file my_file.cif (mmCIF, C-alpha atoms)
data_work
#
loop_
_atom_site.label_atom_id
_atom_site.label_comp_id
_atom_site.auth_asym_id
_atom_site.auth_seq_id
_atom_site.Cartn_x
_atom_site.Cartn_y
_atom_site.Cartn_z
CA MET A 1 -105.20 184.27 242.00
CA ASP A 2 -107.56 187.03 243.18
CA GLN A 3 -108.34 187.87 239.59
CA VAL A 4 -109.11 184.26 238.71
CA ILE A 5 -111.40 184.10 241.76
CA ALA A 6 -113.11 187.35 240.67
CA PHE A 7 -114.04 185.90 237.27
CA PHE A 8 -114.86 182.52 238.83
CA VAL A 9 -117.28 183.98 241.37
CA LEU A 10 -118.95 186.05 238.66
CA ASN A 11 -119.28 182.98 236.40
CA VAL A 12 -120.80 180.90 239.19
CA LYS A 13 -123.30 183.66 239.95
CA MET A 14 -124.28 183.82 236.29
CA LEU A 15 -124.68 180.02 236.14
CA LYS A 16 -126.88 180.05 239.22
CA LYS A 17 -129.19 182.49 237.45
CA ASP A 18 -129.37 180.23 234.39
CA LYS A 19 -130.97 176.97 235.53
CA LEU A 20 -132.06 176.11 231.99
CA LYS A 21 -128.44 175.59 231.03
CA MET A 22 -128.06 172.75 233.50
CA ILE A 23 -131.33 171.15 232.40
CA TRP A 24 -130.14 171.29 228.80
CA SER A 25 -126.75 169.78 229.74
CA LEU A 26 -128.49 166.84 231.39
CA THR A 27 -131.36 166.33 228.95
CA MET A 28 -129.37 165.01 226.02
CA PRO A 29 -127.34 162.37 227.93
CA ALA A 30 -130.45 161.39 229.88
CA PHE A 31 -132.35 160.99 226.60
CA PHE A 32 -129.47 158.91 225.23
CA LEU A 33 -129.54 156.81 228.37
CA ILE A 34 -133.26 156.14 228.06
CA ILE A 35 -133.31 155.24 224.36
CA ASN A 36 -130.36 152.90 224.86
CA CYS A 37 -131.56 151.38 228.13
CA ASP A 38 -131.59 147.87 226.67
CA LYS A 39 -127.89 148.22 225.75
CA VAL A 40 -126.75 149.44 229.16
CA VAL A 41 -125.04 146.50 230.80
CA GLU A 42 -122.27 147.87 232.95
CA MET A 43 -121.23 151.07 234.65
CA THR A 44 -118.78 152.12 231.94
CA ASP A 45 -121.66 152.30 229.46
CA MET A 46 -122.35 155.63 231.13
CA ARG A 47 -119.15 157.00 229.62
CA PHE A 48 -120.94 158.46 226.60
CA GLY A 49 -123.12 160.54 228.92
CA TRP A 50 -120.09 161.69 230.92
CA THR A 51 -118.29 162.58 227.70
CA TYR A 52 -121.23 164.60 226.44
CA ILE A 53 -121.62 166.51 229.71
CA ILE A 54 -117.94 167.38 230.05
CA ILE A 55 -117.16 168.24 226.44
CA SER A 56 -120.32 170.34 226.08
CA SER A 57 -119.35 172.25 229.24
CA TYR A 58 -115.91 172.95 227.84
CA ILE A 59 -117.11 173.94 224.36
CA TYR A 60 -119.97 176.19 225.49
CA GLY A 61 -118.67 177.32 228.87
CA ILE A 62 -115.15 178.10 227.71
CA GLY A 63 -115.09 178.60 223.93
CA ILE A 64 -118.52 180.02 223.10
CA HIS A 65 -118.88 181.89 226.42
CA SER A 66 -115.51 183.63 226.04
CA LEU A 67 -116.29 184.63 222.46
CA THR A 68 -119.74 185.90 223.47
CA GLU A 69 -118.34 188.09 226.26
CA LYS A 70 -115.58 189.37 224.01
CA GLU A 71 -117.99 190.27 221.21
CA ALA A 72 -120.38 191.94 223.66
CA GLY A 73 -117.52 194.28 224.60
CA THR A 74 -117.85 193.42 228.28
CA LEU A 75 -114.22 192.44 228.77
CA LYS A 76 -112.51 195.75 228.03
CA THR A 77 -112.81 197.27 231.48
CA ALA A 78 -112.18 193.99 233.29
CA PHE A 79 -109.05 193.31 231.25
CA SER A 80 -107.79 196.85 231.79
CA ILE A 81 -107.83 196.11 235.53
CA SER A 82 -106.62 192.51 235.50
CA GLY A 83 -104.23 192.95 232.60
CA LYS A 84 -103.56 189.24 232.25
CA ALA A 85 -105.03 187.14 229.47
CA TYR A 86 -104.76 183.83 231.28
CA THR A 87 -106.86 184.79 234.33
CA PHE A 88 -110.06 184.84 232.29
CA PHE A 89 -109.32 181.43 230.78
CA PHE A 90 -108.45 179.71 234.05
CA ALA A 91 -111.50 181.18 235.76
CA ASN A 92 -113.67 179.77 232.97
CA LEU A 93 -111.88 176.43 233.20
CA PHE A 94 -112.40 176.15 236.97
CA THR A 95 -116.03 177.21 236.57
CA GLN A 96 -116.68 174.51 233.99
CA ILE A 97 -114.92 171.85 236.06
CA VAL A 98 -117.18 172.68 238.99
CA TYR A 99 -120.26 172.93 236.76
CA SER A 100 -119.46 169.59 235.06
CA PHE A 101 -118.91 167.97 238.42
CA VAL A 102 -122.38 169.02 239.58
CA CYS A 103 -123.96 167.81 236.31
CA LEU A 104 -122.08 164.51 236.50
CA PHE A 105 -123.17 164.06 240.10
CA LEU A 106 -126.84 164.49 239.12
CA PHE A 107 -126.46 162.28 236.06
CA ASN A 108 -124.81 159.56 238.13
CA LEU A 109 -127.54 159.82 240.74
CA VAL A 110 -130.22 159.19 238.10
CA SER A 111 -128.16 156.35 236.59
CA THR A 112 -127.72 154.74 240.02
CA ILE A 113 -131.46 154.86 240.64
CA LEU A 114 -132.24 153.42 237.19
CA TYR A 115 -129.56 150.74 236.98
CA GLY A 116 -128.29 150.22 240.50
CA PHE A 117 -124.63 150.87 239.68
CA SER A 118 -122.21 151.95 242.39
CA PHE A 119 -122.66 155.68 242.89
CA PHE A 120 -119.16 155.98 244.32
CA TYR A 121 -117.41 154.35 241.36
CA MET A 122 -119.57 156.22 238.86
CA ASN A 123 -118.41 159.49 240.38
CA LEU A 124 -114.84 158.28 240.56
CA TYR A 125 -114.77 157.34 236.87
CA SER A 126 -116.55 160.48 235.75
CA VAL A 127 -114.10 162.67 237.69
CA LEU A 128 -111.30 160.79 235.98
CA TYR A 129 -112.86 161.78 232.64
CA LEU A 130 -113.13 165.35 233.87
CA ILE A 131 -109.37 165.37 234.39
CA LEU A 132 -108.50 163.46 231.20
CA PHE A 133 -110.56 165.92 229.13
CA ILE A 134 -108.79 169.06 230.41
CA PRO A 135 -106.67 169.28 227.21
CA ILE A 136 -109.97 169.62 225.30
CA ALA A 137 -110.85 172.61 227.49
CA PHE A 138 -107.63 174.30 226.40
CA PHE A 139 -108.35 173.53 222.78
CA CYS A 140 -111.90 174.92 223.02
CA TYR A 141 -110.42 178.36 223.72
CA ASN A 142 -109.30 178.40 220.07
CA ILE A 143 -112.90 179.32 219.27
CA THR A 144 -111.98 182.83 220.43
CA LEU A 145 -109.56 183.12 217.50
CA ILE A 146 -112.37 182.76 214.97
CA ARG A 147 -113.12 186.03 213.22
CA ASN A 148 -115.75 187.26 210.79
CA VAL A 149 -118.33 184.77 212.01
CA HIS A 150 -121.15 185.96 214.23
CA VAL A 151 -121.07 184.20 217.58
CA ASN A 152 -124.74 183.14 217.30
CA SER A 153 -124.13 181.52 213.91
CA LEU A 154 -121.08 179.78 215.29
CA SER A 155 -123.03 178.56 218.29
CA VAL A 156 -125.76 177.07 216.06
CA PHE A 157 -123.12 175.38 213.90
CA VAL A 158 -121.35 173.92 216.95
CA ASN A 159 -124.73 172.72 218.30
CA ILE A 160 -125.56 170.87 215.10
CA VAL A 161 -122.14 169.21 214.74
CA PHE A 162 -121.96 168.34 218.43
CA ILE A 163 -125.39 166.72 218.64
CA MET A 164 -124.91 164.89 215.32
CA LEU A 165 -121.62 163.41 216.52
CA PHE A 166 -123.20 162.36 219.78
CA LEU A 167 -126.32 160.81 218.28
CA SER A 168 -124.38 159.01 215.56
CA ILE A 169 -122.42 156.95 218.09
CA GLY A 170 -122.81 153.26 217.24
CA VAL A 171 -124.90 153.88 214.12
CA ASN A 172 -122.15 152.97 211.66
CA ARG A 173 -118.81 151.36 212.54
CA THR A 174 -116.94 153.13 209.76
CA LEU A 175 -118.25 156.53 210.89
CA ASP A 176 -117.39 155.69 214.49
CA LYS A 177 -113.70 155.55 213.54
CA PHE A 178 -113.83 159.27 212.71
CA ASN A 179 -116.04 160.28 215.60
CA PRO A 180 -113.95 162.06 218.27
CA PHE A 181 -116.66 161.22 220.82
CA ILE A 182 -115.79 157.55 220.49
CA TYR A 183 -112.07 158.17 220.98
CA PHE A 184 -112.58 160.36 224.05
CA SER A 185 -115.31 158.12 225.49
CA ASN A 186 -112.91 155.18 225.42
CA LEU A 187 -110.06 156.93 227.27
CA LEU A 188 -110.95 154.97 230.38
CA PHE A 189 -109.87 151.78 228.63
CA LEU A 190 -106.38 152.95 227.68
CA SER A 191 -104.01 150.23 228.74
CA GLN A 192 -101.33 149.74 226.10
CA VAL A 193 -98.25 151.96 226.16
CA LYS A 194 -98.88 152.94 222.53
CA GLU A 195 -102.38 154.17 223.39
CA ILE A 196 -101.15 156.13 226.38
CA ILE A 197 -98.40 157.77 224.32
CA GLN A 198 -100.99 158.62 221.67
CA TYR A 199 -103.17 160.29 224.34
CA ILE A 200 -100.19 162.24 225.67
CA ILE A 201 -99.27 163.48 222.17
CA ILE A 202 -102.86 164.51 221.44
CA SER A 203 -103.04 166.27 224.82
CA VAL A 204 -99.82 168.19 224.19
CA ILE A 205 -101.15 169.33 220.80
CA LEU A 206 -104.51 170.36 222.28
CA ILE A 207 -102.92 172.21 225.21
CA GLY A 208 -100.35 173.84 222.92
CA GLY A 209 -103.09 175.10 220.63
CA GLY A 210 -105.00 176.33 223.66
CA LEU A 211 -102.01 178.17 225.10
CA TYR A 212 -101.54 179.96 221.79
CA SER A 213 -105.13 181.22 221.89
CA ILE A 214 -104.86 182.14 225.59
CA PHE A 215 -101.81 184.34 225.09
CA HIS A 216 -103.13 185.82 221.83
CA PHE A 217 -106.58 186.50 223.22
CA ASN A 218 -107.80 189.96 222.35
CA PRO A 219 -110.60 191.27 224.60
CA LEU A 220 -111.66 193.86 222.02
CA PRO A 221 -114.77 192.90 220.05
CA THR A 222 -114.37 192.50 216.32
CA GLU A 223 -118.04 192.99 215.46
CA ARG A 224 -118.72 196.16 217.43
CA ARG A 225 -116.81 198.93 219.19
CA MET B 1 -97.28 212.14 231.06
CA ILE B 2 -98.42 209.75 228.35
CA LYS B 3 -96.27 210.02 225.23
CA ILE B 4 -97.47 208.74 221.88
CA ARG B 5 -94.81 208.62 219.18
CA ASN B 6 -95.03 207.75 215.45
CA PHE B 7 -98.39 206.17 216.08
CA SER B 8 -100.00 204.60 213.02
CA LYS B 9 -103.17 202.56 212.93
CA ARG B 10 -105.44 201.80 210.00
CA GLU B 11 -106.40 204.88 208.02
CA LEU B 12 -107.12 206.87 211.19
CA TYR B 13 -103.60 207.63 212.37
CA ASN B 14 -100.42 208.02 210.39
CA ASN B 15 -97.23 208.88 212.28
CA PHE B 16 -99.29 210.61 214.92
CA ASN B 17 -97.48 212.20 217.90
CA LEU B 18 -99.14 213.36 221.07
CA ASP B 19 -98.25 214.28 224.66
CA ILE B 20 -101.01 213.87 227.20
CA ASP B 21 -100.19 215.97 230.26
CA ASP B 22 -100.81 214.89 233.84
CA GLY B 23 -104.14 215.99 235.23
CA ILE B 24 -107.40 215.94 233.34
CA THR B 25 -107.49 215.77 229.55
CA TYR B 26 -110.55 216.12 227.39
CA LEU B 27 -110.28 214.17 224.16
CA LYS B 28 -112.78 215.64 221.74
CA GLY B 29 -113.68 214.72 218.21
CA LYS B 30 -116.52 213.91 215.87
CA ASN B 31 -118.05 210.47 215.65
CA GLY B 32 -115.61 208.19 213.87
CA SER B 33 -112.61 210.45 214.48
CA GLY B 34 -110.78 207.62 216.26
CA LYS B 35 -111.24 208.51 219.94
CA THR B 36 -112.16 205.00 221.08
CA THR B 37 -109.49 203.47 218.86
CA LEU B 38 -106.87 205.70 220.48
CA LEU B 39 -108.20 204.92 223.97
CA ASP B 40 -108.10 201.17 223.27
CA CYS B 41 -104.42 201.55 222.37
CA ILE B 42 -103.56 203.84 225.30
CA SER B 43 -105.24 201.37 227.68
CA GLY B 44 -102.93 198.65 226.38
CA LEU B 45 -105.82 196.44 225.26
CA ASP B 46 -105.15 197.00 221.58
CA THR B 47 -101.54 196.45 220.62
CA SER B 48 -102.06 196.20 216.87
CA TYR B 49 -100.43 199.51 215.97
CA SER B 50 -97.03 200.75 215.01
CA GLY B 51 -95.20 203.34 217.08
CA THR B 52 -94.84 203.64 220.84
CA ILE B 53 -97.02 204.63 223.76
CA THR B 54 -95.29 205.23 227.08
CA GLY B 55 -96.43 206.38 230.51
CA ASN B 56 -99.70 204.45 230.21
CA GLU B 57 -98.96 201.93 232.93
CA ASN B 58 -101.30 201.44 235.87
CA ILE B 59 -104.46 202.31 234.05
CA VAL B 60 -108.18 201.57 234.29
CA TYR B 61 -110.50 202.02 231.36
CA LEU B 62 -114.24 202.48 231.65
CA ASN B 63 -115.82 201.68 228.34
CA GLN B 64 -119.50 201.65 227.56
CA GLN B 65 -120.21 197.92 227.79
CA LEU B 66 -119.41 196.44 231.15
CA TYR B 67 -122.06 194.18 232.62
CA PHE B 68 -121.92 190.44 232.05
CA SER B 69 -125.51 189.59 232.90
CA GLY B 70 -128.51 191.77 233.67
CA ARG B 71 -129.64 189.22 236.23
CA LEU B 72 -126.66 189.86 238.47
CA LYS B 73 -127.09 192.27 241.35
CA ALA B 74 -125.45 195.67 241.49
CA LYS B 75 -123.32 194.51 244.42
CA ASP B 76 -122.04 191.59 242.32
CA MET B 77 -120.44 194.00 239.88
CA VAL B 78 -118.76 195.85 242.76
CA GLN B 79 -117.50 192.57 244.14
CA PHE B 80 -116.22 191.48 240.73
CA LEU B 81 -114.41 194.68 239.77
CA LEU B 82 -112.91 195.30 243.20
CA ARG B 83 -111.79 191.67 243.47
CA LEU B 84 -109.93 192.13 240.18
CA GLN B 85 -108.05 194.86 242.04
CA LYS B 86 -107.50 192.40 244.92
CA ILE B 87 -109.94 194.16 247.26
CA LYS B 88 -111.85 191.52 249.22
CA ASN B 89 -114.02 193.54 251.63
CA TYR B 90 -115.78 195.14 248.70
CA LYS B 91 -118.86 196.42 250.50
CA GLU B 92 -116.98 198.27 253.25
CA TYR B 93 -114.48 199.61 250.73
CA TYR B 94 -117.04 200.89 248.23
CA TRP B 95 -119.44 202.28 250.83
CA SER B 96 -116.70 204.12 252.69
CA LYS B 97 -115.39 205.67 249.46
CA MET B 98 -118.87 206.68 248.34
CA GLU B 99 -120.21 207.88 251.68
CA GLU B 100 -119.53 211.56 250.99
CA TYR B 101 -121.72 211.37 247.86
CA LYS B 102 -124.61 209.50 249.46
CA LYS B 103 -126.99 212.46 249.24
CA ILE B 104 -126.52 212.67 245.48
CA PHE B 105 -126.22 208.97 244.74
CA ASP B 106 -128.12 206.48 246.87
CA TYR B 107 -126.00 203.39 246.29
CA GLU B 108 -127.65 201.58 249.20
CA LYS B 109 -130.95 201.68 247.33
CA ILE B 110 -129.61 199.92 244.26
CA TRP B 111 -127.16 197.61 246.08
CA GLU B 112 -129.46 194.58 246.04
CA LYS B 113 -131.15 195.39 242.74
CA GLU B 114 -130.61 193.31 239.63
CA ILE B 115 -128.70 195.22 236.98
CA ARG B 116 -131.53 194.82 234.45
CA MET B 117 -133.76 196.80 236.84
CA LEU B 118 -131.51 199.87 236.70
CA SER B 119 -132.11 202.58 234.13
CA GLY B 120 -129.42 203.22 231.53
CA GLY B 121 -128.32 206.38 233.34
CA GLU B 122 -128.24 204.70 236.76
CA LEU B 123 -126.18 201.86 235.37
CA LYS B 124 -123.71 204.20 233.72
CA LEU B 125 -123.32 206.24 236.86
CA PHE B 126 -122.98 203.16 239.00
CA PHE B 127 -120.17 201.71 236.87
CA PHE B 128 -118.45 205.07 236.85
CA THR B 129 -118.46 205.16 240.64
CA ILE B 130 -117.03 201.63 240.89
CA ILE B 131 -114.19 202.43 238.51
CA SER B 132 -113.48 205.71 240.26
CA VAL B 133 -112.87 204.01 243.62
CA ILE B 134 -110.26 201.69 242.12
CA GLU B 135 -106.79 202.96 242.96
CA LYS B 136 -104.88 203.59 239.74
CA LYS B 137 -102.59 206.30 238.43
CA ASN B 138 -104.39 206.74 235.11
CA TYR B 139 -108.12 206.68 234.40
CA ILE B 140 -109.83 206.56 231.03
CA PHE B 141 -113.53 207.37 230.89
CA ASP B 142 -115.19 206.89 227.52
CA GLU B 143 -118.41 208.95 227.32
CA PRO B 144 -119.23 208.86 231.07
CA PHE B 145 -121.91 211.56 230.79
CA ALA B 146 -123.97 209.85 228.06
CA SER B 147 -127.57 209.17 229.22
CA VAL B 148 -126.81 210.37 232.77
CA ASP B 149 -129.20 212.94 234.32
CA SER B 150 -128.07 216.34 235.62
CA ALA B 151 -127.64 215.16 239.24
CA GLY B 152 -125.57 212.25 237.98
CA LYS B 153 -123.42 214.56 235.87
CA GLU B 154 -122.85 216.69 238.94
CA LEU B 155 -121.69 213.61 240.82
CA ILE B 156 -119.33 212.60 238.00
CA ILE B 157 -117.79 216.09 238.04
CA LEU B 158 -117.36 215.97 241.84
CA ILE B 159 -115.62 212.61 241.60
CA LEU B 160 -113.42 213.77 238.71
CA LYS B 161 -112.40 216.83 240.76
CA LYS B 162 -111.49 214.60 243.66
CA LEU B 163 -109.37 212.38 241.43
CA VAL B 164 -107.58 215.46 240.08
CA ARG B 165 -106.90 216.64 243.66
CA GLN B 166 -105.41 213.22 244.35
CA GLU B 167 -103.04 213.84 241.41
CA LYS B 168 -104.55 211.15 239.24
CA ASN B 169 -104.44 211.45 235.47
CA ILE B 170 -107.73 211.36 233.63
CA ILE B 171 -108.56 211.09 229.96
CA ILE B 172 -112.19 211.68 229.17
CA THR B 173 -114.23 211.68 226.00
CA SER B 174 -117.64 213.25 225.72
CA HIS B 175 -119.93 214.86 223.20
CA GLU B 176 -121.22 217.10 225.99
CA GLU B 177 -118.71 219.89 226.50
CA GLU B 178 -120.31 221.78 229.41
CA PHE B 179 -118.26 219.92 231.98
CA LYS B 180 -115.05 221.63 230.73
CA SER B 181 -115.93 224.88 232.47
CA LYS B 182 -115.86 223.10 235.85
CA PHE B 183 -112.12 222.49 235.60
CA ASN B 184 -109.47 225.20 235.66
CA ASP B 185 -106.59 223.20 234.26
CA ILE B 186 -108.17 220.96 231.70
CA SER B 187 -106.14 220.06 228.61
CA ILE B 188 -108.10 219.74 225.41
CA ILE B 189 -107.04 217.54 222.52
CA ASP B 190 -109.11 217.90 219.37
CA LEU B 191 -108.98 214.89 217.05
CA GLY B 192 -111.10 216.70 214.49
#

call {"tool": "encode", "arguments": {"input": "my_file.cif", "output": "structure tokens"}}
result
Amino acid sequence: MDQVIAFFVLNVKMLKKDKLKMIWSLTMPAFFLIINCDKVVEMTDMRFGWTYIIISSYIYGIGIHSLTEKEAGTLKTAFSISGKAYTFFFANLFTQIVYSFVCLFLFNLVSTILYGFSFFYMNLYSVLYLILFIPIAFFCYNITLIRNVHVNSLSVFVNIVFIMLFLSIGVNRTLDKFNPFIYFSNLLFLSQVKEIIQYIIISVILIGGGLYSIFHFNPLPTERR
Amino acid sequence: MIKIRNFSKRELYNNFNLDIDDGITYLKGKNGSGKTTLLDCISGLDTSYSGTITGNENIVYLNQQLYFSGRLKAKDMVQFLLRLQKIKNYKEYYWSKMEEYKKIFDYEKIWEKEIRMLSGGELKLFFFTIISVIEKKNYIFDEPFASVDSAGKELIILILKKLVRQEKNIIITSHEEEFKSKFNDISIIDLG
């Protein structure tokens, strides 16, 4: 646990130094909220914003961040002391849960002011999403398995795909069927047994894939020595 | 003693055998001779080789890239690395271990400084001191003297001597060979 805390404290300190990251995390859902203000009717319409905030935290804060640190060669000494592959992952996971919670809190505060929804229930629902999306966090660690692609190029690619998926929500009903944002945004409405079983199966697959990458994580950079 | 048997990796090593004695060992070799590759394997970080390496448990490895963010303070790195070793009162621990070297290395002066404000040599020396206070049986230092000034090199040698007195095992690589003369019982392994 000490080793998880060591990475966690370091991550939090780095996040505190990077205020732009939080602004960027909030800008896109806030923008989405403003351009769709005429469509916002009830509290659950905020779910697309929550989904964006949480998934972006997991993709960038867990997948891309881990790959960046690995490729920079910064993990060799730390891993020689800690010796355990999972400590780094869980520290990143806890960091992103805390970070997402803060972002969600601010997003909900703005939404409450704009639309007068219940601040308490908004936070309750968004925290529920935070928990339901944890399998995605595991899956995001698979980014660290990618080789022969420069981390900056990968980051740009992920940015483009991520923003396109987010902005295309509701544009075309056929496309929506293939948009993972829609599926994950609607998790709050799972009610039928079939849907719940489907979520459990998807979660097991995502966590399984994540566990593979956690235990096969190599802290040595592939692009430099 | 660290024993390397039938070690093969890429084109660099083919059924390579080596015994690394207790005490201090200088691993020398030209650029590209495979020093860092061997150290990565000895440290246990790289397991993609055939053969066996034994006696390399309880190890700490100082490589050349350590800091996560230049905007963190020097003390943050101490806190991080010592916490990995389950040391919570990092300031008291580090300061007490480094007190005897205070005249050569003013750690109090850089304690609150951001890492990006330290010179390359200061940074290198600082990381070396943090790793050296971590209690392990085996230490690997990859190029610790690079870009460090003469006073800093003197400090590194003093700390290395202390570790040897404490019966720690040290493997060191360096392109600067002058330090060898400061140790009576230094083993030298030439990788060509």

call {"tool": "resolve_selection", "arguments": {"input": "my_file.cif", "expression": "the PyMOL selection byres ((chain A) within 6 of (chain B))", "output": "PyMOL selection string"}}
result
chain A and resi 2-3+6+73-74+77+80-82

call {"tool": "write_last_selection", "arguments": {"input": "my_file.cif", "atoms": "C-alpha atoms", "output": "PDB file, in the coordinates of the input"}}
result
ATOM      1  CA  ASP A   2    -107.560 187.030 243.180  1.00  0.00           C
ATOM      2  CA  GLN A   3    -108.340 187.870 239.590  1.00  0.00           C
ATOM      3  CA  ALA A   6    -113.110 187.350 240.670  1.00  0.00           C
ATOM      4  CA  GLY A  73    -117.520 194.280 224.600  1.00  0.00           C
ATOM      5  CA  THR A  74    -117.850 193.420 228.280  1.00  0.00           C
ATOM      6  CA  THR A  77    -112.810 197.270 231.480  1.00  0.00           C
ATOM      7  CA  SER A  80    -107.790 196.850 231.790  1.00  0.00           C
ATOM      8  CA  ILE A  81    -107.830 196.110 235.530  1.00  0.00           C
ATOM      9  CA  SER A  82    -106.620 192.510 235.500  1.00  0.00           C
TER      10      SER A  82
END

call {"tool": "resolve_selection", "arguments": {"input": "my_file.cif", "expression": "the PyMOL selection byres ((chain B and resi 97) around 12)", "output": "PyMOL selection string"}}
result
chain B and resi 90-96+98-102+107+129-135+159+162

call {"tool": "resolve_selection", "arguments": {"input": "my_file.cif", "expression": "the PyMOL selection byres ((chain A and resi 146) around 12)", "output": "PyMOL selection string"}}
result
chain A and resi 63-64+66-68+70-71+140-145+147-151+153-155+213+216-218+221-223

call {"tool": "residues_around", "arguments": {"input": "my_file.cif", "residues": "range 31-41 of chain A", "least_positions_apart": "2", "cutoff": "12 Å", "atoms": "only C-alpha atoms", "output": "JSON, numbers by chain"}}
result
{"A": [23, 24, 25, 26, 27, 28, 29, 43, 44, 45, 46, 47, 48, 49, 50, 52, 53, 107, 108, 110, 111, 112, 114, 115, 116, 117, 163, 166, 167, 168, 169, 170]}

call {"tool": "atom_distance", "arguments": {"input": "my_file.cif", "atom1": "CA of Ser48 in chain B", "atom2": "CA of Tyr212 in chain A"}}
result
17.0 Å

call {"tool": "closest_residue", "arguments": {"input": "my_file.cif", "among": "A:Ser203, A:Ser100, A:Asn172, A:Ser56", "to": "Leu187 in chain A", "atoms": "only C-alpha atoms"}}
result
A:Ser203

call {"tool": "decode", "arguments": {"input": "my_file.cif", "residues": "range 129-142 of chain A", "atoms": "N, CA, C and O atoms", "output": "PDB file, in the first residue's frame"}}
result
ATOM      1  N   TYR A 129     -21.459   6.645 -12.090  1.00  0.00           N
ATOM      2  CA  TYR A 129     -20.770   6.461 -13.381  1.00  0.00           C
ATOM      3  C   TYR A 129     -19.274   6.189 -13.164  1.00  0.00           C
ATOM      4  O   TYR A 129     -18.680   5.354 -13.832  1.00  0.00           O
ATOM      5  N   LEU A 130     -18.734   6.931 -12.225  1.00  0.00           N
ATOM      6  CA  LEU A 130     -17.296   6.783 -11.917  1.00  0.00           C
ATOM      7  C   LEU A 130     -16.983   5.327 -11.554  1.00  0.00           C
ATOM      8  O   LEU A 130     -15.970   4.765 -11.979  1.00  0.00           O
ATOM      9  N   ILE A 131     -17.902   4.732 -10.802  1.00  0.00           N
ATOM     10  CA  ILE A 131     -17.710   3.332 -10.382  1.00  0.00           C
ATOM     11  C   ILE A 131     -17.981   2.377 -11.548  1.00  0.00           C
ATOM     12  O   ILE A 131     -17.202   1.464 -11.813  1.00  0.00           O
ATOM     13  N   LEU A 132     -19.090   2.635 -12.267  1.00  0.00           N
ATOM     14  CA  LEU A 132     -19.455   1.745 -13.384  1.00  0.00           C
ATOM     15  C   LEU A 132     -18.401   1.739 -14.494  1.00  0.00           C
ATOM     16  O   LEU A 132     -18.268   0.764 -15.234  1.00  0.00           O
ATOM     17  N   PHE A 133     -17.639   2.829 -14.602  1.00  0.00           N
ATOM     18  CA  PHE A 133     -16.636   2.929 -15.676  1.00  0.00           C
ATOM     19  C   PHE A 133     -15.278   2.358 -15.281  1.00  0.00           C
ATOM     20  O   PHE A 133     -14.343   2.394 -16.091  1.00  0.00           O
ATOM     21  N   ILE A 134     -15.124   1.865 -14.075  1.00  0.00           N
ATOM     22  CA  ILE A 134     -13.813   1.350 -13.639  1.00  0.00           C
ATOM     23  C   ILE A 134     -13.274   0.263 -14.586  1.00  0.00           C
ATOM     24  O   ILE A 134     -12.075   0.263 -14.879  1.00  0.00           O
ATOM     25  N   PRO A 135     -14.123  -0.628 -15.118  1.00  0.00           N
ATOM     26  CA  PRO A 135     -13.569  -1.597 -16.090  1.00  0.00           C
ATOM     27  C   PRO A 135     -12.876  -0.916 -17.280  1.00  0.00           C
ATOM     28  O   PRO A 135     -11.901  -1.436 -17.819  1.00  0.00           O
ATOM     29  N   ILE A 136     -13.379   0.260 -17.669  1.00  0.00           N
ATOM     30  CA  ILE A 136     -12.741   0.985 -18.790  1.00  0.00           C
ATOM     31  C   ILE A 136     -11.323   1.412 -18.389  1.00  0.00           C
ATOM     32  O   ILE A 136     -10.397   1.386 -19.202  1.00  0.00           O
ATOM     33  N   ALA A 137     -11.174   1.798 -17.121  1.00  0.00           N
ATOM     34  CA  ALA A 137      -9.847   2.205 -16.629  1.00  0.00           C
ATOM     35  C   ALA A 137      -8.854   1.059 -16.784  1.00  0.00           C
ATOM     36  O   ALA A 137      -7.710   1.265 -17.208  1.00  0.00           O
ATOM     37  N   PHE A 138      -9.300  -0.138 -16.452  1.00  0.00           N
ATOM     38  CA  PHE A 138      -8.427  -1.313 -16.609  1.00  0.00           C
ATOM     39  C   PHE A 138      -8.058  -1.490 -18.079  1.00  0.00           C
ATOM     40  O   PHE A 138      -6.898  -1.693 -18.415  1.00  0.00           O
ATOM     41  N   PHE A 139      -9.069  -1.366 -18.931  1.00  0.00           N
ATOM     42  CA  PHE A 139      -8.835  -1.595 -20.351  1.00  0.00           C
ATOM     43  C   PHE A 139      -7.876  -0.555 -20.938  1.00  0.00           C
ATOM     44  O   PHE A 139      -7.079  -0.873 -21.830  1.00  0.00           O
ATOM     45  N   CYS A 140      -7.970   0.674 -20.434  1.00  0.00           N
ATOM     46  CA  CYS A 140      -7.104   1.755 -20.952  1.00  0.00           C
ATOM     47  C   CYS A 140      -5.624   1.438 -20.763  1.00  0.00           C
ATOM     48  O   CYS A 140      -4.766   1.957 -21.474  1.00  0.00           O
ATOM     49  N   TYR A 141      -5.316   0.598 -19.781  1.00  0.00           N
ATOM     50  CA  TYR A 141      -3.907   0.262 -19.526  1.00  0.00           C
ATOM     51  C   TYR A 141      -3.314  -0.550 -20.677  1.00  0.00           C
ATOM     52  O   TYR A 141      -2.097  -0.662 -20.787  1.00  0.00           O
ATOM     53  N   ASN A 142      -4.194  -1.100 -21.526  1.00  0.00           N
ATOM     54  CA  ASN A 142      -3.701  -1.840 -22.695  1.00  0.00           C
ATOM     55  C   ASN A 142      -2.920  -0.943 -23.651  1.00  0.00           C
ATOM     56  O   ASN A 142      -2.166  -1.451 -24.484  1.00  0.00           O
TER      57      ASN A 142
END
